[in-house]
>>> print(open('coords35.pdb').read())   # PDB, C-alpha atoms
ATOM      1  CA  MET A   1     190.735 132.226 -70.627
ATOM      2  CA  LYS A   2     187.291 131.723 -69.113
ATOM      3  CA  TRP A   3     187.805 127.976 -69.420
ATOM      4  CA  PHE A   4     191.165 128.242 -67.680
ATOM      5  CA  GLN A   5     189.655 130.373 -64.944
ATOM      6  CA  GLN A   6     186.799 127.880 -64.529
ATOM      7  CA  ASN A   7     189.138 124.785 -64.628
ATOM      8  CA  ARG A   8     192.293 126.177 -63.015
ATOM      9  CA  TRP A   9     193.522 122.800 -61.730
ATOM     10  CA  LEU A  10     193.121 121.051 -65.108
ATOM     11  CA  GLY A  11     194.830 123.907 -66.934
ATOM     12  CA  THR A  12     197.775 123.908 -64.557
ATOM     13  CA  PHE A  13     198.102 120.170 -64.955
ATOM     14  CA  LEU A  14     198.133 120.426 -68.746
ATOM     15  CA  ILE A  15     200.797 123.158 -68.687
ATOM     16  CA  VAL A  16     203.035 121.181 -66.345
ATOM     17  CA  PHE A  17     202.463 118.051 -68.402
ATOM     18  CA  GLY A  18     203.425 119.893 -71.608
ATOM     19  CA  ILE A  19     206.616 121.207 -70.004
ATOM     20  CA  CYS A  20     207.503 117.675 -68.835
ATOM     21  CA  VAL A  21     206.902 116.297 -72.322
ATOM     22  CA  LEU A  22     209.185 118.940 -73.852
ATOM     23  CA  PHE A  23     211.915 118.234 -71.251
ATOM     24  CA  ALA A  24     211.603 114.478 -71.841
ATOM     25  CA  GLY A  25     211.865 115.065 -75.569
ATOM     26  CA  PHE A  26     215.029 117.128 -75.089
ATOM     27  CA  LEU A  27     216.559 114.416 -72.883
ATOM     28  CA  LEU A  28     215.660 111.761 -75.463
ATOM     29  CA  TYR A  29     217.251 113.804 -78.266
ATOM     30  CA  TRP A  30     220.421 114.451 -76.224
ATOM     31  CA  THR A  31     220.704 110.788 -75.219
ATOM     32  CA  ARG A  32     220.199 109.625 -78.772
ATOM     33  CA  GLY A  33     222.977 111.965 -79.946
ATOM     34  CA  ASN A  34     225.371 110.591 -77.326
ATOM     35  CA  TRP A  35     224.408 107.027 -78.209
ATOM     36  CA  SER A  36     224.997 107.768 -81.886
ATOM     37  CA  ASP A  37     228.490 109.165 -81.176
ATOM     38  CA  ALA A  38     229.357 106.193 -78.965
ATOM     39  CA  ARG A  39     228.088 103.759 -81.578
ATOM     40  CA  GLN A  40     230.179 105.408 -84.281
ATOM     41  CA  ALA A  41     233.300 105.251 -82.066
ATOM     42  CA  PHE A  42     232.588 101.590 -81.284
ATOM     43  CA  ASP A  43     232.075 100.707 -84.932
ATOM     44  CA  LYS A  44     235.301 102.510 -85.823
ATOM     45  CA  ALA A  45     237.268 100.672 -83.113
ATOM     46  CA  ALA A  46     235.746  97.316 -84.121
ATOM     47  CA  ALA A  47     236.604  97.951 -87.776
ATOM     48  CA  GLU A  48     240.186  98.875 -86.828
ATOM     49  CA  ARG A  49     240.488  95.738 -84.708
ATOM     50  CA  SER A  50     239.233  93.588 -87.553
ATOM     51  CA  ARG A  51     241.680  95.289 -89.927
ATOM     52  CA  LEU A  52     244.616  94.700 -87.597
ATOM     53  CA  GLN A  53     243.654  91.049 -87.178
ATOM     54  CA  ARG A  54     243.668  90.538 -90.940
ATOM     55  CA  LEU A  55     247.034  92.267 -91.455
ATOM     56  CA  ASP A  56     250.255  90.406 -92.180
ATOM     57  CA  PRO A  57     252.405  90.508 -88.992
ATOM     58  CA  PHE A  58     255.652  90.864 -90.973
ATOM     59  CA  PRO A  59     256.792  94.458 -91.769
ATOM     60  CA  ASN A  60     256.634  95.795 -95.260
ATOM     61  CA  ASP A  61     259.643  96.983 -97.231
ATOM     62  CA  ALA A  62     259.232 100.641 -96.269
ATOM     63  CA  ASN A  63     259.110  99.935 -92.529
ATOM     64  CA  TYR A  64     261.958  97.452 -92.816
ATOM     65  CA  GLY A  65     264.083 100.098 -94.529
ATOM     66  CA  LYS A  66     263.333 102.607 -91.772
ATOM     67  CA  LEU A  67     264.202 100.032 -89.121
ATOM     68  CA  LYS A  68     267.476  99.228 -90.863
ATOM     69  CA  VAL A  69     268.443 102.922 -90.940
ATOM     70  CA  LEU A  70     267.617 103.291 -87.240
ATOM     71  CA  LEU A  71     269.752 100.258 -86.371
ATOM     72  CA  GLU A  72     272.668 101.611 -88.395
ATOM     73  CA  ASN A  73     272.419 104.999 -86.673
ATOM     74  CA  TYR A  74     272.261 103.298 -83.285
ATOM     75  CA  SER A  75     275.347 101.225 -84.105
ATOM     76  CA  VAL A  76     277.282 104.329 -85.166
ATOM     77  CA  ALA A  77     276.265 106.205 -82.000
ATOM     78  CA  LEU A  78     277.196 103.211 -79.841
ATOM     79  CA  ASP A  79     280.635 102.903 -81.446
ATOM     80  CA  LYS A  80     281.210 106.621 -80.934
ATOM     81  CA  PHE A  81     280.227 106.310 -77.272
ATOM     82  CA  LYS A  82     282.627 103.384 -76.831
ATOM     83  CA  GLU A  83     285.470 105.424 -78.315
ATOM     84  CA  GLU A  84     284.700 108.255 -75.897
ATOM     85  CA  LEU A  85     284.718 105.826 -72.967
ATOM     86  CA  LYS A  86     288.069 104.396 -74.040
ATOM     87  CA  LYS A  87     289.563 107.866 -73.620
ATOM     88  CA  GLU A  88     288.509 107.784 -69.934
ATOM     89  CA  ALA A  89     290.692 104.757 -69.136
ATOM     90  CA  VAL A  90     294.366 103.964 -69.505
ATOM     91  CA  PRO A  91     294.760 101.752 -72.593
ATOM     92  CA  GLU A  92     295.933  98.174 -72.225
ATOM     93  CA  THR A  93     299.123  97.679 -74.265
ATOM     94  CA  PRO A  94     301.034  94.449 -74.943
ATOM     95  CA  LEU A  95     303.754  94.033 -72.347
ATOM     96  CA  ALA A  96     306.219  91.269 -71.537
ATOM     97  CA  PRO A  97     306.766  90.241 -67.893
ATOM     98  CA  ASN A  98     310.372  91.495 -67.804
ATOM     99  CA  GLU A  99     309.310  94.776 -69.411
ATOM    100  CA  PHE A 100     306.672  95.228 -66.708
ATOM    101  CA  GLN A 101     309.226  94.642 -63.944
ATOM    102  CA  SER A 102     311.593  97.172 -65.497
ATOM    103  CA  ARG A 103     308.761  99.648 -65.888
ATOM    104  CA  LEU A 104     307.769  99.074 -62.246
ATOM    105  CA  ARG A 105     311.288  99.923 -61.037
ATOM    106  CA  GLN A 106     311.317 103.111 -63.112
ATOM    107  CA  ALA A 107     307.876 104.111 -61.799
ATOM    108  CA  VAL A 108     308.928 103.526 -58.174
ATOM    109  CA  ILE A 109     312.110 105.589 -58.620
ATOM    110  CA  ALA A 110     310.174 108.416 -60.303
ATOM    111  CA  THR A 111     307.567 108.386 -57.521
ATOM    112  CA  LEU A 112     310.199 108.486 -54.762
ATOM    113  CA  ASN A 113     311.977 111.401 -56.447
ATOM    114  CA  ARG A 114     308.698 113.260 -56.873
ATOM    115  CA  ALA A 115     307.779 112.670 -53.233
ATOM    116  CA  HIS A 116     311.197 113.940 -52.105
ATOM    117  CA  ALA A 117     310.829 117.069 -54.246
ATOM    118  CA  ASN A 118     307.356 117.802 -52.816
ATOM    119  CA  ASN A 119     308.399 116.868 -49.254
ATOM    120  CA  VAL A 120     305.831 114.051 -48.990
ATOM    121  CA  LYS A 121     306.560 111.078 -46.772
ATOM    122  CA  LEU A 122     305.819 107.634 -48.242
ATOM    123  CA  PRO A 123     305.652 104.234 -46.495
ATOM    124  CA  ASP A 124     308.830 102.184 -46.166
ATOM    125  CA  LYS A 125     309.670  99.966 -49.143
ATOM    126  CA  PHE A 126     306.994 101.696 -51.199
ATOM    127  CA  ALA A 127     306.344  99.835 -54.485
ATOM    128  CA  LEU A 128     303.006 101.310 -55.627
ATOM    129  CA  GLY A 129     301.210  98.244 -54.279
ATOM    130  CA  PHE A 130     303.172  95.774 -56.447
ATOM    131  CA  HIS A 131     305.441  94.338 -53.749
ATOM    132  CA  GLU A 132     305.077  90.779 -55.020
ATOM    133  CA  PHE A 133     306.331  91.760 -58.479
ATOM    134  CA  THR A 134     309.530  93.430 -57.281
ATOM    135  CA  THR A 135     311.203  90.019 -57.010
ATOM    136  CA  THR A 136     309.020  87.781 -59.206
ATOM    137  CA  LEU A 137     307.732  88.176 -62.729
ATOM    138  CA  PRO A 138     303.998  88.182 -63.463
ATOM    139  CA  LYS A 139     302.446  85.669 -65.795
ATOM    140  CA  THR A 140     302.661  86.425 -69.474
ATOM    141  CA  SER A 141     298.880  86.764 -69.758
ATOM    142  CA  MET A 142     298.788  89.043 -66.712
ATOM    143  CA  ALA A 143     301.563  91.448 -67.744
ATOM    144  CA  PRO A 144     299.345  93.759 -69.879
ATOM    145  CA  LEU A 145     296.706  93.983 -67.127
ATOM    146  CA  VAL A 146     299.134  94.793 -64.317
ATOM    147  CA  GLY A 147     300.905  97.224 -66.657
ATOM    148  CA  GLN A 148     297.615  99.009 -67.215
ATOM    149  CA  GLU A 149     296.970  99.067 -63.461
ATOM    150  CA  LEU A 150     300.488 100.411 -62.846
ATOM    151  CA  SER A 151     299.716 103.411 -65.074
ATOM    152  CA  GLN A 152     296.417 103.971 -63.238
ATOM    153  CA  ILE A 153     298.057 103.849 -59.798
ATOM    154  CA  GLN A 154     300.868 106.130 -60.952
ATOM    155  CA  MET A 155     298.297 108.734 -62.028
ATOM    156  CA  LEU A 156     296.565 108.395 -58.651
ATOM    157  CA  ILE A 157     299.725 108.726 -56.545
ATOM    158  CA  ASN A 158     300.873 111.713 -58.620
ATOM    159  CA  ILE A 159     297.672 113.512 -57.618
ATOM    160  CA  LEU A 160     298.609 113.026 -53.957
ATOM    161  CA  LEU A 161     302.202 114.128 -54.468
ATOM    162  CA  ASP A 162     301.347 117.202 -56.555
ATOM    163  CA  ALA A 163     298.861 118.329 -53.882
ATOM    164  CA  LYS A 164     301.780 118.224 -51.382
ATOM    165  CA  VAL A 165     300.052 116.201 -48.683
ATOM    166  CA  ASP A 166     301.920 115.644 -45.433
ATOM    167  CA  GLY A 167     302.417 111.956 -46.048
ATOM    168  CA  VAL A 168     300.927 108.670 -47.200
ATOM    169  CA  SER A 169     300.765 106.260 -44.262
ATOM    170  CA  SER A 170     299.373 103.208 -46.090
ATOM    171  CA  PHE A 171     298.769 102.119 -49.668
ATOM    172  CA  HIS A 172     297.234  98.767 -50.606
ATOM    173  CA  ARG A 173     296.295  97.380 -53.995
ATOM    174  CA  ALA A 174     293.660  94.644 -54.172
ATOM    175  CA  PRO A 175     294.727  91.739 -56.419
ATOM    176  CA  LEU A 176     292.944  91.417 -59.726
ATOM    177  CA  ARG A 177     290.496  88.590 -60.277
ATOM    178  CA  GLU A 178     292.764  87.294 -63.014
ATOM    179  CA  GLU A 179     295.680  87.154 -60.562
ATOM    180  CA  GLN A 180     293.654  84.904 -58.270
ATOM    181  CA  GLY A 181     292.738  82.601 -61.147
ATOM    182  CA  VAL A 182     289.082  83.671 -61.109
ATOM    183  CA  SER A 183     287.607  84.262 -64.542
ATOM    184  CA  PRO A 184     283.962  84.686 -65.587
ATOM    185  CA  PRO A 185     282.381  81.619 -67.202
ATOM    186  CA  PRO A 186     282.020  81.802 -70.965
ATOM    187  CA  ALA A 187     278.637  82.788 -72.295
ATOM    188  CA  ALA A 188     276.541  79.897 -73.559
ATOM    189  CA  THR A 189     275.995  79.911 -77.318
ATOM    190  CA  PRO A 190     272.520  78.876 -78.527
ATOM    191  CA  THR A 191     272.249  75.862 -80.813
ATOM    192  CA  PRO A 192     270.955  76.792 -84.258
ATOM    193  CA  GLY A 193     267.663  75.138 -85.097
ATOM    194  CA  ARG A 194     265.370  74.835 -88.113
ATOM    195  CA  LYS A 195     264.490  78.213 -89.633
ATOM    196  CA  GLY A 196     260.932  79.340 -88.941
ATOM    197  CA  SER A 197     260.119  76.527 -86.509
ATOM    198  CA  ALA A 198     261.875  74.525 -83.817
ATOM    199  CA  ALA A 199     263.071  71.034 -84.623
ATOM    200  CA  ARG A 200     260.679  68.333 -83.515
ATOM    201  CA  GLY A 201     261.660  66.906 -80.136
ATOM    202  CA  ALA A 202     264.457  69.464 -79.619
ATOM    203  CA  LYS A 203     264.550  71.525 -76.444
ATOM    204  CA  PRO A 204     264.466  75.308 -76.742
ATOM    205  CA  ALA A 205     267.843  76.996 -76.527
ATOM    206  CA  GLU A 206     268.665  78.221 -73.037
ATOM    207  CA  PRO A 207     269.604  81.882 -72.637
ATOM    208  CA  SER A 208     273.182  82.713 -71.764
ATOM    209  CA  ALA A 209     273.713  82.281 -68.030
ATOM    210  CA  THR A 210     276.231  85.108 -67.589
ATOM    211  CA  PRO A 211     276.499  88.110 -69.909
ATOM    212  CA  PRO A 212     280.013  89.239 -70.852
ATOM    213  CA  GLU A 213     281.600  91.728 -68.489
ATOM    214  CA  LEU A 214     282.072  95.082 -70.217
ATOM    215  CA  LEU A 215     283.283  96.889 -67.096
ATOM    216  CA  LYS A 216     285.905  95.809 -64.576
ATOM    217  CA  ARG A 217     287.333  97.503 -61.495
ATOM    218  CA  ASN A 218     290.737  97.749 -59.880
ATOM    219  CA  VAL A 219     290.523  98.653 -56.185
ATOM    220  CA  VAL A 220     293.078 100.664 -54.195
ATOM    221  CA  ASP A 221     292.955 101.568 -50.478
ATOM    222  CA  PHE A 222     295.171 104.315 -49.112
ATOM    223  CA  THR A 223     295.464 106.642 -46.126
ATOM    224  CA  PHE A 224     297.103 110.040 -46.155
ATOM    225  CA  LYS A 225     297.410 113.040 -43.867
ATOM    226  CA  ALA A 226     297.165 116.609 -45.138
ATOM    227  CA  ALA A 227     295.845 120.066 -44.495
ATOM    228  CA  PRO A 228     292.163 120.610 -45.334
ATOM    229  CA  ALA A 229     293.006 122.631 -48.460
ATOM    230  CA  ALA A 230     295.357 119.937 -49.791
ATOM    231  CA  ALA A 231     292.805 117.210 -48.990
ATOM    232  CA  ARG A 232     290.079 119.061 -50.909
ATOM    233  CA  LYS A 233     292.430 119.444 -53.867
ATOM    234  CA  VAL A 234     293.168 115.700 -53.863
ATOM    235  CA  LEU A 235     289.513 114.694 -53.765
ATOM    236  CA  ASN A 236     288.505 117.203 -56.438
ATOM    237  CA  GLU A 237     291.261 116.091 -58.807
ATOM    238  CA  ILE A 238     290.437 112.409 -58.278
ATOM    239  CA  ALA A 239     286.756 113.009 -58.998
ATOM    240  CA  SER A 240     287.442 115.170 -62.089
ATOM    241  CA  SER A 241     290.443 113.276 -63.434
ATOM    242  CA  THR A 242     290.799 113.071 -67.214
ATOM    243  CA  GLY A 243     292.402 110.078 -68.869
ATOM    244  CA  GLN A 244     291.270 107.654 -66.167
ATOM    245  CA  PHE A 245     287.855 107.161 -64.559
ATOM    246  CA  PHE A 246     288.193 107.052 -60.755
ATOM    247  CA  ILE A 247     285.303 106.365 -58.358
ATOM    248  CA  ILE A 248     285.595 107.300 -54.677
ATOM    249  CA  ARG A 249     283.754 104.355 -53.182
ATOM    250  CA  THR A 250     284.351 104.973 -49.439
ATOM    251  CA  LEU A 251     285.800 107.963 -47.609
ATOM    252  CA  TYR A 252     286.681 108.341 -43.926
ATOM    253  CA  VAL A 253     287.883 111.678 -42.516
ATOM    254  CA  HIS A 254     289.504 111.892 -39.075
ATOM    255  CA  ASN A 255     290.541 115.169 -37.462
ATOM    256  CA  GLU A 256     293.808 115.174 -35.560
ATOM    257  CA  LYS A 257     292.113 117.205 -32.794
ATOM    258  CA  ASP A 258     289.457 115.143 -31.065
ATOM    259  CA  LYS A 259     288.165 118.059 -28.975
ATOM    260  CA  GLY A 260     287.037 121.500 -30.046
ATOM    261  CA  PRO A 261     288.919 124.683 -29.064
ATOM    262  CA  PRO A 262     288.158 126.262 -25.656
ATOM    263  CA  ARG A 263     285.817 129.223 -25.584
ATOM    264  CA  GLU A 264     288.233 131.485 -23.727
ATOM    265  CA  LYS A 265     292.003 131.416 -23.829
ATOM    266  CA  ALA A 266     293.760 131.842 -20.498
ATOM    267  CA  ALA A 267     295.827 134.987 -20.241
ATOM    268  CA  GLU A 268     299.577 134.591 -20.166
ATOM    269  CA  PRO A 269     301.025 135.206 -16.643
ATOM    270  CA  ASN A 270     302.982 138.445 -16.088
ATOM    271  CA  PRO A 271     302.929 139.935 -19.605
ATOM    272  CA  SER A 272     305.571 142.553 -20.321
ATOM    273  CA  PRO A 273     304.533 146.271 -20.474
ATOM    274  CA  SER A 274     305.373 146.434 -24.190
ATOM    275  CA  GLU A 275     303.114 143.452 -24.895
ATOM    276  CA  GLN A 276     300.282 145.012 -22.872
ATOM    277  CA  GLU A 277     300.616 148.290 -24.769
ATOM    278  CA  ALA A 278     300.761 146.508 -28.172
ATOM    279  CA  SER A 279     297.675 144.420 -27.402
ATOM    280  CA  THR A 280     295.635 147.479 -26.422
ATOM    281  CA  GLN A 281     296.350 149.282 -29.702
ATOM    282  CA  PRO A 282     293.755 148.645 -32.459
ATOM    283  CA  GLY A 283     294.945 146.358 -35.221
ATOM    284  CA  ASN A 284     297.833 144.867 -33.238
ATOM    285  CA  ALA A 285     295.877 142.198 -31.372
ATOM    286  CA  PRO A 286     297.000 138.687 -32.402
ATOM    287  CA  LEU A 287     294.528 136.693 -34.489
ATOM    288  CA  ASN A 288     293.240 133.515 -32.882
ATOM    289  CA  PHE A 289     291.952 131.031 -35.450
ATOM    290  CA  ILE A 290     289.398 128.680 -33.927
ATOM    291  CA  VAL A 291     289.447 126.043 -36.715
ATOM    292  CA  GLY A 292     291.392 125.528 -39.929
ATOM    293  CA  ASN A 293     294.922 125.047 -38.602
ATOM    294  CA  GLU A 294     294.511 121.375 -37.771
ATOM    295  CA  HIS A 295     295.331 118.582 -40.235
ATOM    296  CA  ILE A 296     293.077 115.669 -41.165
ATOM    297  CA  GLU A 297     293.671 112.015 -41.928
ATOM    298  CA  ILE A 298     291.728 110.559 -44.862
ATOM    299  CA  SER A 299     291.227 106.889 -45.655
ATOM    300  CA  ALA A 300     289.668 106.179 -49.042
ATOM    301  CA  THR A 301     288.802 103.271 -51.297
ATOM    302  CA  ILE A 302     289.196 104.148 -54.963
ATOM    303  CA  GLU A 303     287.918 102.089 -57.883
ATOM    304  CA  MET A 304     289.751 102.448 -61.176
ATOM    305  CA  LEU A 305     287.536 101.401 -64.076
ATOM    306  CA  ARG A 306     288.688  99.571 -67.188
ATOM    307  CA  PHE A 307     286.493  98.827 -70.168
ATOM    308  CA  THR A 308     286.778  95.450 -71.883
ATOM    309  CA  PHE A 309     284.774  96.041 -75.064
TER
END
>>> encode(input="coords35.pdb", output="structure tokens")
Amino acid sequence: MKWFQQNRWLGTFLIVFGICVLFAGFLLYWTRGNWSDARQAFDKAAAERSRLQRLDPFPNDANYGKLKVLLENYSVALDKFKEELKKEAVPETPLAPNEFQSRLRQAVIATLNRAHANNVKLPDKFALGFHEFTTTLPKTSMAPLVGQELSQIQMLINILLDAKVDGVSSFHRAPLREEQGVSPPPAATPTPGRKGSAARGAKPAEPSATPPELLKRNVVDFTFKAAPAAARKVLNEIASSTGQFFIIRTLYVHNEKDKGPPREKAAEPNPSPSEQEASTQPGNAPLNFIVGNEHIEISATIEMLRFTF
């Protein structure tokens, strides 16, 4: 202690130096531990990389068996999903051209009778959008398709009639692509080559230009006039229809009253004494509905889906 008291500066320096040495030793030990962990992780990753590079790229029997089971399960689930989708569309049945024309006449008569019973006004010479087939027969290849579309349109018009709308002012069916002679190009089939390697000098097979169409649409445009409650019922039943998948593509709503109701109703001139007395009594005042009594006109474009798988 006497030495430290006599050499205070040197003693302080040695103490500080010793503390710095201990701190540097701790940092060196901590850094070496981190470096050791990082080196072990690097060696492990390098060994795994080398192992993967030396592996055979083809799967073994166990993995191939698992993959085969997964593919079989996927195929079963896909077939089940297709069967469920088929229930959401009117089936396409074989139909001769004369049978379709007879069925069209029966459908038109049934629709007119249903409209008369529900007091719904239909356009003149209404033929469910098949005016051209009332006098001419469709092609033999087209008869099943237009027969399927006839069932779809009949379901759609029955929704309007059962809702008891005021009337249908227009109804238009867009022609099918097959009616216009437009058909999708066939998918290109690849040329088989030598197994395991391409033939020398042969060009690689080009991918199919156009995939097969699994979903097709029939489009119908119509305009009807109804009360708001009947219009809501029509739209709800179209959106939640079972047996046929309908899509409301466009919807235009027009109110028959362009202007809103006045704020105050003018009093009737010279009311009778009995009317004045009845209006002053509580509970006898006439109700004045501001909105809800007017009718609306709706124009809609409906797509009717059909599945071709």
>>> resolve_selection(input="coords35.pdb", expression="the PyMOL selection byres ((chain A and resi 123) around 12)", output="PyMOL selection string")
chain A and resi 111-112+115+120-122+124-129+167-172+222-224
>>> residues_near_point(input="coords35.pdb", point="(306.0, 96.7, -71.5)", cutoff="10 Å", atoms="only C-alpha atoms", output="list in words")
Thr93, Pro94, Leu95, Ala96, Pro97, Asn98, Glu99, Phe100, Gln101, Ser102, Arg103, Leu104, Ala143, Pro144, Gly147 and Gln148 of chain A
>>> atom_distance(input="coords35.pdb", atom1="CA of Ala117 (chain A)", atom2="CA of Ile298 (chain A)")
22.3 Å
>>> residues_around(input="coords35.pdb", residues="Asp221 (chain A)", least_positions_apart="6", cutoff="9 Å", atoms="all atoms listed in the file", output="list in words")
Ser170, Phe171, His172, Arg173, Ala174, Ser299, Ala300, Thr301, Ile302 and Glu303 of chain A
>>> atom_distance(input="coords35.pdb", atom1="CA of Tyr252 (chain A)", atom2="CA of Gln152 (chain A)")
22.1 Å
>>> atom_distance(input="coords35.pdb", atom1="CA of His254 (chain A)", atom2="CA of Ile153 (chain A)")
23.8 Å
>>> resolve_selection(input="coords35.pdb", expression="the PyMOL selection byres ((chain A and resi 163) around 8)", output="list in words")
Ile159, Leu160, Leu161, Asp162, Lys164, Val165, Ala230, Ala231, Lys233 and Val234 of chain A
>>> residues_around(input="coords35.pdb", residues="Met155 (chain A)", least_positions_apart="6", cutoff="10 Å", atoms="all atoms listed in the file", output="PyMOL selection string")
chain A and resi 90+149+238+241+243-244
>>> resolve_selection(input="coords35.pdb", expression="the PyMOL selection byres ((chain A and resi 89) around 7)", output="number ranges by chain")
A: 86-88, 90-91, 243-245, 305-306
